[in-house]
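**Q** Have a look at the structure that comes next, please.
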Amino acid sequence: MNVQVKSEGVPFPAVSVVGEVDVYTAPQLREKILEIEAAHRTFILNLQEVSYIDSTGLGILIGSLKRTKEKGGSLYLVFTNPMIKKIFDITGLSQVFDIFSSEPDLLKSLETGKSS
Amino acid sequence: MKTQHTQDTCSVELEIPSRSEFVGVARLALSGVASRTPLTYEDIEDLKVALSEACNNAIQHAYSEENPEFSISIRFHILPDALEVDVEDTGHGFSLEQVEKIKVDLERERGFGIFLIRSLVDDVTFESLTPSGTRVAMTKRYPKQ
């Protein structure tokens with residue numbers, strides 16, 4: 001798994017994750033997310049290049065969502081992978097997170113004041 | 001890795017150390033075995049998640065902490081109508097009653113593993129072994145032709 005952070009030229013930092021988020025790699029993602037949370041209330045987690053996520057990864061995302069909401073911020077997810085979507089759908093997390101199909105779609109939705 | 005086969009079934013057995021970095025190895029083995037069956041890409045992806053969650057449970061709960069001295073046995077049984085994947089550990093084990101009580105808990109960020117296993121395979125059984133350990137048997141049936 002590889003994690004990149006883009007914070008220039010965008011309204012919120014975007015954390016892009018590539019590869020598999022599982023019990024082995026999830027702690028690395030958690031560490032990076034905590035670094036971002038320490039400096040920003042709102043950020044984007046781009047999972048477009050994530051090929052696999054397990055319950056450990058979901059737990060990290062839920063923890064981050066709770067912390068950002070407590071601080072009055074937001075966590076926006078970006079992905080289109082049907083397998084990732086299936087995991088979010090069957091766990092009910094599709095209803096819990098703000099999920100967008102791309103970063104431009106997310107920014108456009110925020111401008112118009114509604115989520116997709 | 002061991003193999004066994006009869007006229008109607010073929011089995012492949014894999015043993016991994018009870019360490020998180022080897023769960024991906026179990027997924028890779030599953031992909032290789034499952035690609036020799038009529039399961040679809042989506043079926044295989046479902047089974048990969050279920051297998052990983054069963055391994056995660058063994059690493060995190062059965063043995064309480066990661067310990068390379070412990071191992072997890074994984075058996076792939078290619079049956080005439082389904083692929084069965086058994087995950088067996090020799091750890092503390094847990095009762096069926098406990099498994100039945102596990103619910104998704106968003107507040108505590110837990111309960112997803114068992115829920116995902118139940119949701120993504122056609123049949124699953126949890127069995128306590130004697131003198132210790134747990135066997136999780138997951139079955140994914142082939143699509144109807």
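Scheme for the structure tokens: letters A, B, ... for chains in order shown; per-chain residue numbers from 1; ligand numbers from 1 in order shown.
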Considering only C-alpha atoms, extract the chain B residues located within 6 Å of chain A and return them as a PyMOL selection string.

**A** chain B and resi 20-21+109+112-113

**Q** Residues of stretch 6-143 of chain B in alpha helix (DSSP H) according to DSSP, as a ChimeraX atom specification?

**A** /B:23-34,41-57,96-101,112-120

**Q** Which residues are near A:Ser7? Cut-off 12 Å, only C-alpha atoms, ignore same chain within fewer than 2 positions. Put them as a PyMOL selection string.

**A** chain A and resi 4-5+9-16+36+39-40+42-45

**Q** Could you go through stretch 11-114 of chain A and tell me which residues DSSP, when run on the backbone, assigns to strand (DSSP E or B), listing them as a PyMOL selection string?

**A** chain A and resi 14-21+43-53+75-78+98-100

**Q** When you look at B:Thr134 with a cut-off of 8 Å (counting only C-alpha atoms), what residues show up, excluding the ones that are within fewer than 5 positions of it in the same chain? I need them as a CSV table (one decimal) with N, CA, C and O atoms, in the first residue's frame.

**A**
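Generated output (selection.csv):
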chain,number,residue,atom,x,y,z
B,62,ALA,N,-8.1,-15.4,18.4
B,62,ALA,CA,-7.8,-16.7,18.8
B,62,ALA,C,-6.5,-16.8,19.6
B,62,ALA,O,-6.4,-17.5,20.5
B,88,GLU,N,-8.5,-22.8,10.0
B,88,GLU,CA,-8.4,-23.4,11.3
B,88,GLU,C,-7.2,-22.9,12.2
B,88,GLU,O,-6.1,-22.8,11.7
B,89,ASP,N,-7.5,-22.6,13.4
B,89,ASP,CA,-6.4,-22.2,14.3
B,89,ASP,C,-6.5,-23.1,15.6
B,89,ASP,O,-7.4,-23.9,15.7
B,90,THR,N,-5.5,-23.0,16.4
B,90,THR,CA,-5.4,-23.8,17.6
B,90,THR,C,-5.5,-22.9,18.8
B,90,THR,O,-5.0,-23.3,19.9
B,91,GLY,N,-6.0,-21.7,18.6
B,91,GLY,CA,-6.0,-20.7,19.7
B,91,GLY,C,-7.1,-21.0,20.7
B,91,GLY,O,-7.6,-22.1,20.9
B,92,HIS,N,-7.5,-19.9,21.4
B,92,HIS,CA,-8.4,-20.0,22.6
B,92,HIS,C,-9.8,-20.5,22.1
B,92,HIS,O,-10.5,-21.1,22.9
B,93,GLY,N,-10.2,-20.2,20.9
B,93,GLY,CA,-11.5,-20.6,20.4
B,93,GLY,C,-12.6,-19.6,20.9
B,93,GLY,O,-12.3,-18.8,21.8
B,94,PHE,N,-13.8,-19.7,20.3
B,94,PHE,CA,-14.9,-18.9,20.8
B,94,PHE,C,-16.1,-19.7,20.6
B,94,PHE,O,-16.2,-20.5,19.7
B,126,PHE,N,-19.1,-22.1,12.2
B,126,PHE,CA,-18.0,-21.9,13.1
B,126,PHE,C,-18.0,-23.0,14.1
B,126,PHE,O,-19.1,-23.4,14.7
B,127,GLU,N,-16.9,-23.7,14.2
B,127,GLU,CA,-16.8,-24.9,15.0
B,127,GLU,C,-15.7,-24.8,16.0
B,127,GLU,O,-14.6,-24.4,15.7
B,128,SER,N,-16.0,-25.0,17.3
B,128,SER,CA,-15.0,-25.1,18.3
B,128,SER,C,-14.3,-26.4,18.3
B,128,SER,O,-15.0,-27.5,18.2
B,129,LEU,N,-13.0,-26.5,18.3
B,129,LEU,CA,-12.3,-27.7,18.2
B,129,LEU,C,-11.8,-28.2,19.6
B,129,LEU,O,-11.6,-27.4,20.5

**Q** Write out as JSON, numbers by chain the residues lying within 12 Å of stretch 36-43 of chain B, counting only C-alpha atoms and excluding same-chain residues fewer than 6 positions away.

**A** {"A": [81, 82, 83, 84, 86, 87], "B": [9, 10, 11, 12, 29, 30, 49, 50, 76, 77, 78, 79, 80, 81, 82, 83, 84, 119, 120, 121, 122, 139, 140, 141, 142, 143, 144, 145]}

**Q** Restricting the output to N, CA, C and O atoms, write the selected residues as a CSV table (one decimal), in the first residue's frame.

**A**
chain,number,residue,atom,x,y,z
A,81,ASN,N,-14.6,1.8,-7.3
A,81,ASN,CA,-14.4,0.3,-7.4
A,81,ASN,C,-15.7,-0.4,-6.9
A,81,ASN,O,-16.1,-0.2,-5.8
A,82,PRO,N,-16.3,-1.2,-7.8
A,82,PRO,CA,-17.5,-1.9,-7.4
A,82,PRO,C,-17.4,-2.8,-6.2
A,82,PRO,O,-18.3,-3.0,-5.4
A,83,MET,N,-16.2,-3.4,-6.1
A,83,MET,CA,-16.0,-4.3,-4.9
A,83,MET,C,-15.9,-3.5,-3.6
A,83,MET,O,-16.4,-4.0,-2.6
A,84,ILE,N,-15.3,-2.4,-3.7
A,84,ILE,CA,-15.2,-1.5,-2.5
A,84,ILE,C,-16.6,-1.0,-2.1
A,84,ILE,O,-17.1,-1.0,-1.0
A,86,LYS,N,-19.4,-2.5,-2.8
A,86,LYS,CA,-20.2,-3.6,-2.3
A,86,LYS,C,-19.9,-3.7,-0.8
A,86,LYS,O,-20.9,-3.9,0.0
A,87,ILE,N,-18.7,-3.6,-0.4
A,87,ILE,CA,-18.3,-3.7,1.1
A,87,ILE,C,-19.0,-2.6,1.9
A,87,ILE,O,-19.6,-2.8,2.9
B,9,THR,N,-13.3,-34.4,-5.9
B,9,THR,CA,-12.8,-33.3,-5.2
B,9,THR,C,-11.3,-33.2,-5.3
B,9,THR,O,-10.6,-34.1,-5.5
B,10,CYS,N,-10.9,-31.9,-5.1
B,10,CYS,CA,-9.4,-31.7,-5.0
B,10,CYS,C,-9.2,-30.7,-3.9
B,10,CYS,O,-9.9,-29.7,-3.8
B,11,SER,N,-8.2,-30.9,-3.1
B,11,SER,CA,-7.9,-30.1,-2.0
B,11,SER,C,-6.5,-29.5,-2.0
B,11,SER,O,-5.6,-30.3,-2.4
B,12,VAL,N,-6.4,-28.3,-1.6
B,12,VAL,CA,-5.1,-27.7,-1.4
B,12,VAL,C,-5.0,-27.1,0.0
B,12,VAL,O,-5.9,-26.5,0.5
B,29,ALA,N,-3.2,-17.2,-2.6
B,29,ALA,CA,-3.4,-18.7,-2.8
B,29,ALA,C,-4.8,-18.9,-3.2
B,29,ALA,O,-5.1,-19.7,-4.2
B,30,LEU,N,-5.7,-18.2,-2.6
B,30,LEU,CA,-7.1,-18.4,-2.9
B,30,LEU,C,-7.4,-18.0,-4.4
B,30,LEU,O,-8.1,-18.7,-5.1
B,49,VAL,N,-12.3,-11.6,0.7
B,49,VAL,CA,-12.7,-10.8,1.9
B,49,VAL,C,-13.0,-11.7,3.0
B,49,VAL,O,-12.5,-11.6,4.2
B,50,ALA,N,-13.9,-12.7,2.8
B,50,ALA,CA,-14.3,-13.6,3.8
B,50,ALA,C,-13.1,-14.4,4.4
B,50,ALA,O,-13.0,-14.5,5.6
B,76,PHE,N,-8.4,-25.5,0.9
B,76,PHE,CA,-9.3,-25.1,-0.2
B,76,PHE,C,-9.8,-26.5,-0.7
B,76,PHE,O,-9.0,-27.3,-1.2
B,77,HIS,N,-11.1,-26.7,-0.7
B,77,HIS,CA,-11.7,-27.9,-1.2
B,77,HIS,C,-12.5,-27.6,-2.5
B,77,HIS,O,-13.5,-26.9,-2.4
B,78,ILE,N,-12.0,-28.0,-3.6
B,78,ILE,CA,-12.7,-27.8,-4.9
B,78,ILE,C,-13.7,-28.9,-5.0
B,78,ILE,O,-13.3,-30.1,-5.3
B,79,LEU,N,-15.0,-28.6,-4.8
B,79,LEU,CA,-16.0,-29.6,-4.8
B,79,LEU,C,-16.7,-29.5,-6.2
B,79,LEU,O,-16.5,-28.6,-6.9
B,80,PRO,N,-17.6,-30.5,-6.5
B,80,PRO,CA,-18.2,-30.5,-7.8
B,80,PRO,C,-19.1,-29.3,-8.0
B,80,PRO,O,-19.3,-28.8,-9.1
B,81,ASP,N,-19.7,-28.7,-6.9
B,81,ASP,CA,-20.6,-27.6,-7.1
B,81,ASP,C,-20.2,-26.3,-6.3
B,81,ASP,O,-20.9,-25.3,-6.3
B,82,ALA,N,-19.1,-26.4,-5.6
B,82,ALA,CA,-18.7,-25.2,-4.8
B,82,ALA,C,-17.2,-25.3,-4.4
B,82,ALA,O,-16.6,-26.3,-4.5
B,83,LEU,N,-16.7,-24.1,-4.0
B,83,LEU,CA,-15.4,-24.1,-3.4
B,83,LEU,C,-15.6,-23.9,-1.9
B,83,LEU,O,-16.3,-22.9,-1.5
B,84,GLU,N,-15.0,-24.8,-1.1
B,84,GLU,CA,-15.1,-24.6,0.4
B,84,GLU,C,-13.7,-24.2,0.9
B,84,GLU,O,-12.7,-24.8,0.5
B,119,SER,N,-22.1,-12.3,5.1
B,119,SER,CA,-22.8,-11.7,3.9
B,119,SER,C,-22.2,-12.1,2.6
B,119,SER,O,-22.9,-12.1,1.6
B,120,LEU,N,-20.9,-12.5,2.6
B,120,LEU,CA,-20.2,-12.7,1.3
B,120,LEU,C,-20.1,-14.1,0.9
B,120,LEU,O,-19.7,-14.4,-0.3
B,121,VAL,N,-20.4,-15.1,1.7
B,121,VAL,CA,-20.4,-16.5,1.3
B,121,VAL,C,-21.8,-17.1,1.4
B,121,VAL,O,-22.7,-16.5,2.0
B,122,ASP,N,-22.0,-18.3,0.7
B,122,ASP,CA,-23.3,-18.9,0.7
B,122,ASP,C,-23.6,-19.6,2.0
B,122,ASP,O,-24.7,-19.7,2.5
B,139,THR,N,-18.4,-21.6,2.4
B,139,THR,CA,-18.7,-22.2,1.1
B,139,THR,C,-19.2,-21.2,0.1
B,139,THR,O,-20.1,-20.4,0.4
B,140,LYS,N,-18.6,-21.2,-1.1
B,140,LYS,CA,-19.2,-20.3,-2.2
B,140,LYS,C,-19.6,-21.3,-3.3
B,140,LYS,O,-18.7,-22.0,-3.9
B,141,ARG,N,-20.9,-21.3,-3.7
B,141,ARG,CA,-21.3,-22.2,-4.7
B,141,ARG,C,-21.0,-21.6,-6.1
B,141,ARG,O,-21.1,-20.4,-6.3
B,142,TYR,N,-20.8,-22.5,-7.1
B,142,TYR,CA,-20.6,-22.0,-8.4
B,142,TYR,C,-21.9,-21.4,-9.0
B,142,TYR,O,-23.0,-21.9,-8.7
B,143,PRO,N,-21.7,-20.5,-9.9
B,143,PRO,CA,-22.9,-19.9,-10.5
B,143,PRO,C,-23.6,-21.0,-11.4
B,143,PRO,O,-22.9,-21.9,-11.9
B,144,LYS,N,-24.9,-21.0,-11.5
B,144,LYS,CA,-25.6,-21.9,-12.3
B,144,LYS,C,-25.3,-21.7,-13.8
B,144,LYS,O,-25.3,-20.5,-14.2
B,145,GLN,N,-25.0,-22.7,-14.5
B,145,GLN,CA,-24.7,-22.6,-16.0
B,145,GLN,C,-25.9,-22.2,-16.8
B,145,GLN,O,-27.0,-22.7,-16.6
